[in-house]
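See below for the structure under consideration.
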Amino acid sequence: MRPDHSLDARYFDDVFTGDDDPWSLASSPYEAAKFDATIAAIDDRRYRSALEIGCAHGVLTARLAPLCDTLTSIDISLRAVELARSRCAALSNVRITRCNFPAESPEGAFDLVVLSEVVYYWDDADIERAAAAIHASATPDCRIILVHWTGDTDYPQTGDAAVTKLRDRLGGVAVERAERKDAYRLDLWSLR
């Protein structure tokens, strides 16, 4: 049965307890290919200020950094933030902080928002809050990239439901890309 509430910091701290790479983000060929597809979808331009929501231990963060003048990466788990900071210590344009998004939101105006494997952890109310927070911090030329597993989950949302609900609550997004792979979907939107 799906939980009817967003997964909290305790859930993610437990996931990282005793395993610094709980989803094999640093070692899985599947994850590497997914990160390649993510970067390929957005590497047609340079971003002044990007926001990565749910950076985990910073594997994608390190791949995003060369595309951005500044990159703010956040995660709800303190352990994940510590690991990401260690991984990205040499990247002077990256700032990694603990943040309980969407209840909290980092300061800034962002022309890229990255949501990789995160929206399905939120309940409907938090998806609504996330849409409002993204709108409040988005520059007029903001792009939003989402990558989500499409298999069964025991999270509040499926990948497909999460992406659809966020798109509907954002309203007025132009779909630049909508791709389905064997196990995940990749969506790239721009705000209108």
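Within each chain, counting starts at residue 1; across the structure tokens, chains are named A, B, ... in the order shown, with ligands numbered 1 upward in that order.
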- Check the DSSP output for the backbone and give back, as an MDAnalysis selection string, the residues of chain A in strand (DSSP E or B). chainID A and resid 47:53 68:75 94:98 110:116 138:149 173:180 184:191
Mind running range 71-99 of chain A against range 19-30 of chain A at 9 Å and telling me each contacting residue's nearest atom pair with the distance in Å (one decimal), counting only C-alpha atoms, chain and number ascending, as JSON lines?
{"residue": "A:Arg79", "atom": "CA", "partner": "A:Asp20", "partner_atom": "CA", "distance": 8.4}
{"residue": "A:Ala80", "atom": "CA", "partner": "A:Asp20", "partner_atom": "CA", "distance": 7.9}
{"residue": "A:Leu83", "atom": "CA", "partner": "A:Asp20", "partner_atom": "CA", "distance": 7.5}
- What's the 12 Å shell around range 170-186 of chain A, counting only C-alpha atoms, without same-chain residues fewer than 2 positions away, as a PyMOL selection string? chain A and resi 30-31+33-42+114-117+127-136+138+140-152+158-168+188-192
- Task: Between A:Arg48, A:Leu91, A:Ala9, A:Ile53, single out the one closest to Val118 in chain A, counting only C-alpha atoms.
- Result: A:Ile53
- Task: Would you mind listing what lies within 10 Å of Thr61 in chain A as a list in words, with only C-alpha atoms counted and same-chain residues fewer than 2 positions away left out?
- Result: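 Contacts, in chain order: Leu51, Glu52, Gly54, Cys55, Ala56, His57, Gly58, Val59, Arg63, Leu64, Ala65, Pro66, Leu71, Thr72, Ser73, Ile74, Ala84, Arg85, Arg87, Cys88, Leu91, Val94, Arg95, Ile96 and Val114 of chain A.
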- With only C-alpha atoms as the atoms that count, which of A:Trp122, A:Thr139, A:Asp187, A:Ser105 lies nearest to Pro3 in chain A?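 Of all the options, A:Trp122 lies closest to Pro3 in chain A.
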- Shortest interatomic distance to Cys99 in chain A - which of A:Ile76, A:Met1, A:Val15, A:Ala125, counting only C-alpha atoms: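 Using only C-alpha atoms, Cys99 in chain A sits closest to A:Ile76.
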- Message: Calculated over only C-alpha atoms, which of the candidates A:Arg169, A:Phe110, A:Arg10, A:Gln157 has the smallest distance to Asp123 in chain A?
- Response: A:Gln157
- Message: Can you pull out every residue from range 10-128 of chain A that DSSP, working from the backbone, puts in alpha helix (DSSP H), and format the result as a PyMOL selection string?
- Response: chain A and resi 10-16+29-42+59-64+78-87+124-128
With N, CA and C atoms retained, write the just-selected residues as a CSV table (one decimal), in the first residue's frame.
chain,number,residue,atom,x,y,z
A,10,ARG,N,13.8,11.3,7.9
A,10,ARG,CA,14.1,10.1,8.6
A,10,ARG,C,14.2,8.9,7.6
A,11,TYR,N,13.3,8.8,6.6
A,11,TYR,CA,13.3,7.8,5.6
A,11,TYR,C,14.6,7.8,4.9
A,12,PHE,N,15.0,9.0,4.4
A,12,PHE,CA,16.2,9.1,3.6
A,12,PHE,C,17.5,8.9,4.4
A,13,ASP,N,17.5,9.4,5.6
A,13,ASP,CA,18.6,9.1,6.5
A,13,ASP,C,18.8,7.6,6.7
A,14,ASP,N,17.7,6.9,6.9
A,14,ASP,CA,17.7,5.5,7.1
A,14,ASP,C,18.3,4.8,5.9
A,15,VAL,N,17.9,5.3,4.7
A,15,VAL,CA,18.4,4.7,3.4
A,15,VAL,C,19.9,4.8,3.3
A,16,PHE,N,20.4,5.9,3.8
A,16,PHE,CA,21.9,6.1,3.7
A,16,PHE,C,22.7,5.5,4.9
A,29,PRO,N,25.6,0.7,-14.4
A,29,PRO,CA,25.6,1.1,-15.8
A,29,PRO,C,24.2,1.7,-16.2
A,30,TYR,N,23.1,1.2,-15.7
A,30,TYR,CA,21.8,1.8,-15.9
A,30,TYR,C,21.8,3.2,-15.5
A,31,GLU,N,22.3,3.5,-14.2
A,31,GLU,CA,22.3,4.9,-13.7
A,31,GLU,C,23.2,5.8,-14.6
A,32,ALA,N,24.4,5.2,-15.0
A,32,ALA,CA,25.3,6.0,-15.8
A,32,ALA,C,24.6,6.4,-17.1
A,33,ALA,N,23.9,5.5,-17.7
A,33,ALA,CA,23.2,5.7,-19.0
A,33,ALA,C,22.1,6.8,-18.8
A,34,LYS,N,21.4,6.7,-17.7
A,34,LYS,CA,20.3,7.6,-17.4
A,34,LYS,C,20.9,9.0,-17.2
A,35,PHE,N,22.1,9.1,-16.5
A,35,PHE,CA,22.7,10.4,-16.3
A,35,PHE,C,23.2,11.0,-17.7
A,36,ASP,N,23.7,10.1,-18.5
A,36,ASP,CA,24.2,10.5,-19.9
A,36,ASP,C,23.0,11.1,-20.6
A,37,ALA,N,21.8,10.4,-20.6
A,37,ALA,CA,20.6,10.9,-21.3
A,37,ALA,C,20.2,12.3,-20.7
A,38,THR,N,20.3,12.4,-19.4
A,38,THR,CA,19.9,13.7,-18.7
A,38,THR,C,20.8,14.8,-19.2
A,39,ILE,N,22.1,14.6,-19.2
A,39,ILE,CA,23.0,15.7,-19.6
A,39,ILE,C,22.8,16.0,-21.1
A,40,ALA,N,22.6,14.9,-21.9
A,40,ALA,CA,22.4,15.1,-23.4
A,40,ALA,C,21.2,16.0,-23.7
A,41,ALA,N,20.2,15.8,-22.8
A,41,ALA,CA,18.9,16.6,-23.0
A,41,ALA,C,19.1,18.1,-22.8
A,42,ILE,N,20.1,18.5,-21.9
A,42,ILE,CA,20.1,19.9,-21.5
A,42,ILE,C,21.5,20.5,-21.9
A,59,VAL,N,26.4,12.4,-7.5
A,59,VAL,CA,26.9,11.8,-8.7
A,59,VAL,C,26.4,12.7,-9.9
A,60,LEU,N,25.1,12.9,-10.0
A,60,LEU,CA,24.6,13.8,-11.1
A,60,LEU,C,25.1,15.2,-10.9
A,61,THR,N,25.2,15.7,-9.6
A,61,THR,CA,25.7,17.0,-9.3
A,61,THR,C,27.0,17.3,-10.1
A,62,ALA,N,27.9,16.4,-9.9
A,62,ALA,CA,29.2,16.5,-10.6
A,62,ALA,C,29.1,16.6,-12.1
A,63,ARG,N,28.1,15.9,-12.6
A,63,ARG,CA,27.9,15.9,-14.1
A,63,ARG,C,27.3,17.2,-14.5
A,64,LEU,N,26.4,17.8,-13.7
A,64,LEU,CA,25.7,19.0,-14.0
A,64,LEU,C,26.6,20.2,-13.9
A,78,LEU,N,20.8,14.6,5.7
A,78,LEU,CA,22.1,15.2,6.1
A,78,LEU,C,23.2,14.3,5.6
A,79,ARG,N,23.1,13.0,5.7
A,79,ARG,CA,24.2,12.1,5.3
A,79,ARG,C,24.4,12.3,3.8
A,80,ALA,N,23.3,12.4,3.0
A,80,ALA,CA,23.5,12.6,1.5
A,80,ALA,C,24.2,13.9,1.2
A,81,VAL,N,23.9,14.9,1.9
A,81,VAL,CA,24.6,16.2,1.8
A,81,VAL,C,26.0,16.1,2.1
A,82,GLU,N,26.4,15.4,3.2
A,82,GLU,CA,27.8,15.2,3.5
A,82,GLU,C,28.6,14.5,2.4
A,83,LEU,N,27.9,13.5,1.9
A,83,LEU,CA,28.6,12.7,0.8
A,83,LEU,C,28.7,13.5,-0.5
A,84,ALA,N,27.7,14.3,-0.8
A,84,ALA,CA,27.7,15.1,-2.0
A,84,ALA,C,28.8,16.2,-1.9
A,85,ARG,N,28.9,16.8,-0.7
A,85,ARG,CA,29.9,17.8,-0.5
A,85,ARG,C,31.3,17.2,-0.7
A,86,SER,N,31.5,16.0,-0.2
A,86,SER,CA,32.8,15.4,-0.3
A,86,SER,C,33.1,15.1,-1.8
A,87,ARG,N,32.1,14.6,-2.5
A,87,ARG,CA,32.3,14.2,-3.9
A,87,ARG,C,32.6,15.5,-4.8
A,124,ASP,N,0.3,14.7,-2.8
A,124,ASP,CA,-0.3,15.8,-3.7
A,124,ASP,C,0.0,17.2,-3.2
A,125,ALA,N,-0.2,17.4,-1.9
A,125,ALA,CA,0.0,18.7,-1.3
A,125,ALA,C,1.4,19.2,-1.5
A,126,ASP,N,2.4,18.3,-1.4
A,126,ASP,CA,3.8,18.8,-1.6
A,126,ASP,C,4.1,19.0,-3.1
A,127,ILE,N,3.4,18.2,-4.0
A,127,ILE,CA,3.6,18.5,-5.4
A,127,ILE,C,3.1,19.9,-5.7
A,128,GLU,N,1.9,20.3,-5.1
A,128,GLU,CA,1.4,21.6,-5.2
A,128,GLU,C,2.4,22.7,-4.7
